[in-house]
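Have a look at the structure below, then the notes.
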Amino acid sequence: MERLEQLTLSVCDIAQRAGDYIRKERRKFSLERVERKHAHDYVSYVDKGSERLIVAALKELLPEAGFITEEGLAGHDAEQLLWVVDPLDGTTNFIHQYAPYAVSIALLKGKEILIGVVYEICADECFYAWNGGGAWLQVPRGLGREPEEQNHATRPVDLHVSSQKIQDALLCLQLPYNSDAYKPVIKRLIDALYGRVGSIRMCGSAAMALCYVACGRLDGYAEQYIGQWDYMAGSLIVKEAGGVVTDYAGSDDFTQGNSVVATNGVVQQDLLAIINS
């Protein structure tokens, strides 16, 4: 357990270093340097630069592990442990200078998530968890503190999901890139939920939607047609904060799929019933 905690804290440092790189590049970023992977799915040199930085650091940290990465700059060959990396989750947000966007790193062993770290760059917030160790938020230095205190390290905050019921819930329903397949689903979900729940939001980052569920800013989140790198780290953070994570079919065996429903647990069955109605 202690080894896992220390590994997690090292991953937090790596994620923050990648975030520093992304923040620096955003100041001089040009839209002319954006590439289109698929329809409405973008990538830039910043995504790739962040991934190179993260992969190099993780190889040094745990040489025996393989990789599943969004930009495909590293792979795997039957390794028991796999790093699952999204070097910049919320690229469209990043391009438009619209928060949030984040670095997401998870460590997977089979179908068991051992470590989850998500660093939100705009707010300088690092969410993290290790299996059996709870979920935590590293509070940004300087935020809401006196000037003489700003250089002192802050203690992490223990995360817990909310207890809101469906009628008062703030839910996040995202719009994945596979618009043709998901359009009928999202139309039905909004039609069923709008006016029945507290409100609905879309934040543009799966990793951050999950972290917001973990810390109680959101009460539930659902999305389909997403990659393992989008949801792996955040899912562990939700579970360690006392929440529930399944796929759209309601199975908790979700790590090999492309859909996630994550909630405070109170609204899980309501949300699943609407998804599967």
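Each chain in the structure tokens gets a letter, A, B and so on, in the order shown; residues start at 1 in every chain, and ligands are counted from 1 in the order they appear.
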
For the contact check between range 42-158 of chain A and range 254-273 of chain A, emit one row per residue of range 42-158 of chain A within 10 Å, containing the shortest atom pair and the distance in Å rounded to one decimal, counting only C-alpha atoms, chain then rising number order, as JSON lines.
{"residue": "A:Leu108", "atom": "CA", "partner": "A:Thr255", "partner_atom": "CA", "distance": 9.0}
{"residue": "A:Gly110", "atom": "CA", "partner": "A:Thr255", "partner_atom": "CA", "distance": 9.1}
{"residue": "A:Lys111", "atom": "CA", "partner": "A:Thr255", "partner_atom": "CA", "distance": 6.0}
{"residue": "A:Glu112", "atom": "CA", "partner": "A:Thr255", "partner_atom": "CA", "distance": 8.0}
{"residue": "A:Ile113", "atom": "CA", "partner": "A:Thr255", "partner_atom": "CA", "distance": 8.3}

Might you pull out every residue within 8 Å of Val161 in chain A, with only C-alpha atoms counted and same-chain residues fewer than 3 positions away left off, and present them as a list of chain:residue names?
-> A:Val213, A:Ala214, A:Cys215, A:Gly216, A:Asp219, A:Val238, A:Ala241, A:Gly242, A:Gly243, A:Thr263, A:Asn264

Backbone DSSP call of helix (DSSP H, G or I) for range 104-271 of chain A, listed as an MDAnalysis selection string | chainID A and resid 147:149 166:168 179:193 206:214 228:240 268:271

Ile186 in chain A surroundings by only C-alpha atoms, 10 Å radius, close-in-sequence under 2 positions cut, as a PyMOL selection string | chain A and resi 173-176+179+181-184+188-192+222-224+275

Nearest residue to Asp124 in chain A from the set A:Tyr101, A:Phe67, A:Trp229, A:Tyr194 (distances using only C-alpha atoms) |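 Of the candidates, the smallest distance to Asp124 in chain A is held by A:Tyr101.
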
Identify, on the basis of only C-alpha atoms, every residue whose closest approach to range 1-5 of chain A does not exceed 9 Å; exclude the query and any residue fewer than 5 positions from it along the same chain; express the result as a PyMOL selection string.
-> chain A and resi 10+114-115+129-133

Using only C-alpha atoms: which of A:Glu25, A:Cys126, A:Ala15, A:Gly90 has the shortest distance to Val55 in chain A =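 Closest candidate: A:Ala15.
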
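When only C-alpha atoms are used to measure the gap to Gly227 in chain A, the shortest distance among A:Met202, A:Ala249, A:Cys211, A:Ile68 belongs to A:Ile68.
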
Point-to-point distance from CA of Gln167 in chain A to CA of Ile274 in chain A, Å rounded to tenths = 13.5 Å
